[in-house]
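Structure first, commentary second.
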Amino acid sequence: MKKTTIICIIILFAYSGFGQQNGFNTDTINNHFLNQLSIAQQEKIHVHTDRSLYIQGEQIWFKIYLVDDVLHRAKFNSRYVYVELVNQQKNVAARVKIRANNNMFYGNIDLPSNLTEGNYTLRAYTQHMQNLGEDYFFAKNIKVISPLSLRIKANIDFDYNEKNEKITARLSYTDNGQQINLNKDILKIKIDDKPENIYYNIEDKNAVRFSFDKNKTTTLHTTLDIEGIHFLQDITVPRFPLDFDVSFFPEGGYLLEGASCGVTFKALNTNGLAETITGEIVDSDGAVVFNIETLHLGMGKFYLNVEKDKKYYAVCRNDKGLEKRFELPQAQKNTYSLKTNWVKDNLYVTVQKSADIETEKQLYILMHTRGITLYADKWNFSDRAIILNKNDFQSGVLQILLLDSQLNPVSERLIFNINDKEKTNTEFKTNKNNYEAREKITAKVKITDADNTTIKGNFSVSVTDNSDSPADTTISILSTLLLTSEIKGYVENPNFYFQNDNKTTTEALDILMQTQGWRRYNVPEILKGNYEQAEIDFEKGQKISGSVKKYSGSDKTEGSSVMIYSKNPPVMDYISVDENGKFLLENVEFPDSMTFTIQAFNKKGKRYVELFIDNDTFPSINNVIKTSATKKQDIKTQEQDEIFAYEKGVWQLFVDELIVTAKRKERKQNEFKPWYASSATQSITEEKIKEMSPLYLSDILRTIPNITVSDGQVIYSGAYSMSGDFGASVAILVDGVAINNNDDSSFNIDMIDVQNVKRVDIFKRSQTHIFGLGGGDLVVAITTGTFSLDDDKIKFNLQKISPLGYQQPSEFYSPKYQTPAQKNNKEPDLRTTIFWKPNITINENGEAVFDFYSADYSTTYSVIIEGITDDGKIINSINKISRK
């Protein structure tokens with residue numbers, strides 16, 4: 001069959017439903033995929049950060065691209081996106097919740113000045129994405145360093161003793177290249193938070209040493225925590241003994257006996273990162289049949305003519321001379337497998353079989369990209385190949401499945417494709433070629449599609465100083481949306497495959513496709529109508545929930561209610577609990593750092609119930625970005641001494657530890673006042689209590705008009721209660737927590753040690769309303785230094801909570817030098833991120849204009865632009881600006 005004829009058949013099939021035998025056709029398959037997509041409605045996330053290297057105390061600025069998983073169009077089913085900074089111990093160092101602002105998600109994370117130096121994983125997800133698990137979250141590596149790192153360098157070497165299985169580390173520091181004399185007494189060293197002993201080598205006084213057992217490094221992310229006077233840092237510990245492993249992946253999944261098969265391989269070391277190897281493929285007779293070597297990041301490929309009843313082995317060596325022997329997968333009989341080949345812009349897909357097959361069985365071929373069916377038909381063994389032009393199917397990962405008559409998978413092959421018609425062009429121009437210090441830079445961006453037609457959308461732009469923080473070229477919006485979000489497993493440096501369109505890159509990307517697997521859906525089950533259901537819905541709003549229990553007698557809480565109160569912004573709501581004592585305030589919205597006071601009451605409006613608040617829950621952390629266990633990164637910068645000295649507008653001078661022997665001058669403490677004290681009818685302060693010298697708390701209360709104490713019970717007399725009954729209701733608060741009084745005869749006010757009482761506030765009648773329902777006629781609020789009442793006597797019906805709210809957007813500060821005074825200001829401009837803007841909208845002409853001012857030092861700026869058009873096309877561009 002001629003090539004041109006086959007292309008015509010495929011095009012007709014793809015668009016008119018050609019080949020509708022036995023119900024296996026594009027229309028039927030598309031219906032299955034549409035059903036699954038409508039049920040799951042999966043999301044993808046990419047995060048564009050202003051850079052990937054930060055100094056403690058700085059901010060990470062980011063833009064989130066939340067899109068649907070098929071067409072990559074902006075999606076807003078989820079109202080919030082969570083962004084976390086995770087350390088190597090898999091603990092969250094920072095977490096923010098981002099709400100869309102003008103249909104765009106963006107925000108920032110503040111890095112504390114005392115944050116441990118080291119590698120972190122920035123991960124982002126929605127609640128709905130938890131249906132697929134952590135592997136589908138966005139993740140990228142972030143490096144955080146200390147200002148001292150600009151001149152002080154840590155140098156660490158690890159040695160392994162195989163006999164006693166101990167690892168010895170040698171740690172030293174240099175300051176501008178000069179050795180620092182280390183005092184082991186001021187260093188604290190831990191391995192995964194467990195202290196280690198430090199010792200000196202007499203002949204090596206500029207370093208400290210310590211040893212630890214190999215079994216302490218059983219995970220890929222064992223870290224060494226080093227704390228000195230001026231620094232706190234994490235260093236990844238390599239796993240010993242240094243070893244490597246090689247996995248082999250025959251194309252289509254099998255080595256077929258009697259066939260010529262392509263085989264890819266992937267070499268990883270004990271730290272989970274790529275290993276460079278060379279070697280030979282030998283058969284069971286010892287004959288060398290092929291020489292192999294890695295092409296890129298531990299991956300390579302070779303071809304093998306598989307002979308009957310023979311086994312094959314790979315003899316591999318790494319660059320340290322370690323040699324290992326691996327057995328290849330067993331050659332299969334009576335088996336079929338997919339085989340593909342690119343010839344220029346055309347993809348050839350065929351089915352090959354093992355030599356022993358005489359009668360072919362019925363097979364089907366399905367091809368799709370992100371659930372968009374390209375091809376679905378019976379395989380005809382008389383055809384040499386199916387031929388597809390790369391511009392006839394979508395950019396991204398094409399999954400090709402070979403299925404048997406029961407639609408069970410027989411073979412799988414992944415292909416990566418870039419459709420030229422889906423590319424965008426980004427034209428970036430500035431008003432000058434070179435700029436002086438503090439000069440205004442005006443940039444104009446024009447976005448067009450492959451046909452040079454202007455398109456609308458939005459993008460984010462970061463401008464950074466290359467000398468301080470080179471542009472991150474390991475990850476991009478292209479590599480996230482088209483590659484890593486579609487395949488299984490960790491991909492090292494994914495953006496490598498998008499930087500150059502050459503033979504090496506193309507071959508390396510095709511090898512990657514054969515070492516990974518497609519991961520979004522279980523396609524064979526979809527074809528049978530067994531659709532995956534989403535258990536976690538889209539998050540549409542925030543909520544506060546919990547339960548109320550009666551702490552004496554019956555557990556039933558019929559008629560109980562909960563008051564939820566916030567002062568700023570003002571919120572007041574009452575919620576009834578259900579028959580199980582549960583309450584839920586949902587579809588509310590509140591910003592971060594907002595505090596709620598929540599109080600529960602029984603059906604009589606009394607406080608004699610116990611309140612439980614449901615804590616915020618977040619997905620577990622099982623994966624962090626793998627980082628090399630290497631020496632500390634060397635930051636090269638022309639102005640490092642000035643950055644070291646001047647940071648955040650403060651001149652810094654680091655000195656050795658000082659011991660202060662002078663007597664501390666006592667500072668008078670301000671009197672503590674609880675939030676409700678200003679509304680009190682009467683207050684008895686700590687000073688007044690000292691003057692009274694009471695033996696019991698009841699001695700204080702008896703000094704207040706209309707209050708008596710009998711057998712430890714507080715009685716408010718001489719007035720009718722708010723309910724009209726004689727004998728007013730009284731509530732007791734200790735440190736803001738309501739405890740039992742009238743309903744619990746076992747409670748005695750004198751159980752509270754008067755020596756711990758700092759103040760007493762009395763609220764009578766109209767003043768008690770600030771405590772909500774059941775405030776009653778009298779509230780006695782006691783503030784203590786140490787609350788000594790037995791825990792089993794404390795009855796909690798009030799809690800204060802500060803749940804994670806959405807982050808209120810802040811604007812990146814970019815200085816303006818519009819006047820001579822501003823331009824001649826002697827305060828140095830040492831910005832690393834020169835400019836950041838996350839919310840640039842492309843106008844109807846496909847254009848956008850922005851401006852900013854250059855900083856002080858001569859360098860080159862990197863300009864990274866990432867975005868999404870309204871129809872789901874990806875915008876990705878890296879440009880340069882010269883600052884001389």
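Each chain of the structure tokens is named A, B, ... in the order shown, its residues numbered from 1; ligands are numbered from 1 in display order.
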Sorted by chain and rising residue number, which residues of region 226-309 of chain A lie within 10 Å of region 486-491 of chain A, and what are their closest atom pairs and distances in Å to one decimal, counting only C-alpha atoms, as JSON lines?
```
{"residue": "A:Gly272", "atom": "CA", "partner": "A:Tyr490", "partner_atom": "CA", "distance": 9.6}
{"residue": "A:Leu273", "atom": "CA", "partner": "A:Tyr490", "partner_atom": "CA", "distance": 9.7}
{"residue": "A:Leu297", "atom": "CA", "partner": "A:Val491", "partner_atom": "CA", "distance": 9.8}
```
Exercise. Could you give me the residues within region 92-302 of chain A that DSSP places in strand (DSSP E or B), as a ChimeraX atom specification?
Key: /A:92-99,105-110,117-125,138-145,152-161,166-175,178-179,188-191,194-195,199-201,204-213,223-227,232-236,244-250,256,260-269,274,277-283,288-293,296,299-302
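Remark: for Gly846 (chain A), the closest of the candidate residues A:Gly457, A:Pro591, A:Gly298, A:Gly867 is A:Gly457 (distances computed over only C-alpha atoms).
Remark: for Val86 (chain A), the closest of the candidate residues A:Val760, A:Ile511, A:Leu122, A:Ile235 is A:Leu122 (distances computed over only C-alpha atoms).
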Which residues are near region 311-325 of chain A? Cut-off 6 Å, only C-alpha atoms, ignore same chain within fewer than 5 positions. Put them as a compact mmCIF listing (two decimals) with N, CA and C atoms, in the first residue's frame.
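Okay, selection39.txt is ready:
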```txt
# COMPACT_ATOMS: atom_id res chain seq x y z
N THR A 276 25.98 7.57 34.40
CA THR A 276 26.56 7.38 33.07
C THR A 276 27.27 6.04 33.02
N ILE A 277 26.95 5.22 32.00
CA ILE A 277 27.56 3.90 31.87
C ILE A 277 27.95 3.63 30.43
N THR A 278 28.85 2.67 30.28
CA THR A 278 29.16 2.07 28.98
C THR A 278 29.13 0.56 29.18
N GLY A 279 29.13 -0.20 28.07
CA GLY A 279 29.12 -1.65 28.23
C GLY A 279 28.86 -2.39 26.95
N GLU A 280 28.59 -3.69 27.08
CA GLU A 280 28.33 -4.57 25.95
C GLU A 280 27.13 -5.45 26.23
N ILE A 281 26.42 -5.79 25.16
CA ILE A 281 25.37 -6.79 25.23
C ILE A 281 25.99 -8.11 24.75
N VAL A 282 25.90 -9.12 25.59
CA VAL A 282 26.46 -10.42 25.24
C VAL A 282 25.36 -11.47 25.29
N ASP A 283 25.53 -12.52 24.48
CA ASP A 283 24.53 -13.60 24.51
C ASP A 283 24.97 -14.70 25.46
N SER A 284 24.16 -15.75 25.55
CA SER A 284 24.45 -16.83 26.49
C SER A 284 25.70 -17.61 26.13
```
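Counting only C-alpha atoms, the residue from A:Asn108, A:Thr442, A:Ser729, A:Asn155 that sits nearest to Gln713 (chain A) is A:Ser729.
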Quiz item: Nearest to Ser882 (chain A) among A:Thr453, A:Thr294, A:Asn431, A:Asn502, with distances taken over only C-alpha atoms: which residue is it?
Solution: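 Ranked by minimum distance to Ser882 (chain A), first place goes to A:Asn431.
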Quiz item: At what distance in Å, to one decimal, does CA of Ser172 (chain A) lie from CA of Val208 (chain A)?
Solution: 6.7 Å
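Comparing A:Lys90, A:Lys567, A:His128, A:Lys421 by their smallest distance to Phe538 (chain A), the closest is A:His128 (using only C-alpha atoms).
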Self-check item: Given only C-alpha atoms as the counted atoms, nearest of A:Leu798, A:Ile704, A:Ile689, A:Leu414 to Val737 (chain A)
Solution: A:Leu798
Practice problem: Using DSSP on the backbone, list every residue of region 765-870 of chain A that comes out as helix (DSSP H, G or I), and give them as a PyMOL selection string. | Solution: chain A and resi 765-771+791-793+820-823
Practice problem: Determine, counting only C-alpha atoms, which protein, DNA and RNA residues have an atom within 7 Å of an atom of Lys884 (chain A); residues of the same chain fewer than 2 positions away are not included. Present the result as number ranges by chain. | Solution: A: 434-436, 858-859, 882
Pull N, CA, C and O atoms from the residues just selected and write them as a compact mmCIF listing (two decimals), in the first residue's frame.
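Writing the result to part-v4.txt gives the following:
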```
# COMPACT_ATOMS: atom_id res chain seq x y z
N ASN A 434 20.95 48.37 25.01
CA ASN A 434 21.72 48.33 26.26
C ASN A 434 21.19 49.41 27.20
O ASN A 434 20.69 50.45 26.76
N TYR A 435 21.36 49.16 28.51
CA TYR A 435 20.83 50.09 29.49
C TYR A 435 21.87 50.43 30.54
O TYR A 435 22.73 49.60 30.90
N GLU A 436 21.76 51.67 31.04
CA GLU A 436 22.60 52.12 32.13
C GLU A 436 21.93 51.77 33.46
O GLU A 436 20.82 51.24 33.50
N SER A 858 26.40 46.03 36.25
CA SER A 858 26.45 45.56 34.87
C SER A 858 26.29 44.05 34.84
O SER A 858 27.00 43.33 35.56
N THR A 859 25.39 43.58 34.01
CA THR A 859 25.12 42.16 33.94
C THR A 859 24.22 41.89 32.74
O THR A 859 24.00 42.77 31.91
N SER A 882 20.55 43.40 27.98
CA SER A 882 21.91 43.76 28.37
C SER A 882 21.90 44.99 29.26
O SER A 882 21.31 46.02 28.93
```
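Relative to CA of Phe76 (chain A), CA of Lys423 (chain A) is found at 24.2 Å.
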Self-check item: Atomic separation - CA of Leu585 (chain A) relative to CA of Val730 (chain A), Å
Solution: 29.1 Å
Quiz item: If you count only C-alpha atoms, which residues fall within 9 Å of Tyr160 (chain A), apart from same-chain ones fewer than 2 positions away, as a ChimeraX atom specification?
Solution: /A:158,162,164-169,214,240-242
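Every protein or nucleic acid residue with an atom no more than 10 Å from Leu584 (chain A), counting only C-alpha atoms and leaving out same-chain residues fewer than 5 positions away, appears here: Lys543, Ile544, Ser545, Gly546, Ser547, Val562, Ile575, Ser576, Val577, Asp578 and Asp614 of chain A.
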Once you have the residues from the selection above, write them out as a PDB file, in the first residue's frame, restricted to C-alpha atoms.
```
ATOM      1  CA  LYS A 543     -15.734  25.617  55.777  1.00  0.00           C
ATOM      2  CA  ILE A 544     -15.545  25.299  59.545  1.00  0.00           C
ATOM      3  CA  SER A 545     -16.822  22.098  61.111  1.00  0.00           C
ATOM      4  CA  GLY A 546     -16.750  20.172  64.337  1.00  0.00           C
ATOM      5  CA  SER A 547     -18.899  18.505  66.957  1.00  0.00           C
ATOM      6  CA  VAL A 562     -22.639  26.877  68.058  1.00  0.00           C
ATOM      7  CA  ILE A 575     -25.460  27.060  63.763  1.00  0.00           C
ATOM      8  CA  SER A 576     -27.581  24.235  65.118  1.00  0.00           C
ATOM      9  CA  VAL A 577     -25.911  20.857  65.539  1.00  0.00           C
ATOM     10  CA  ASP A 578     -27.448  17.758  63.991  1.00  0.00           C
ATOM     11  CA  ASP A 614     -12.142  19.584  62.936  1.00  0.00           C
TER      12      ASP A 614
END
```
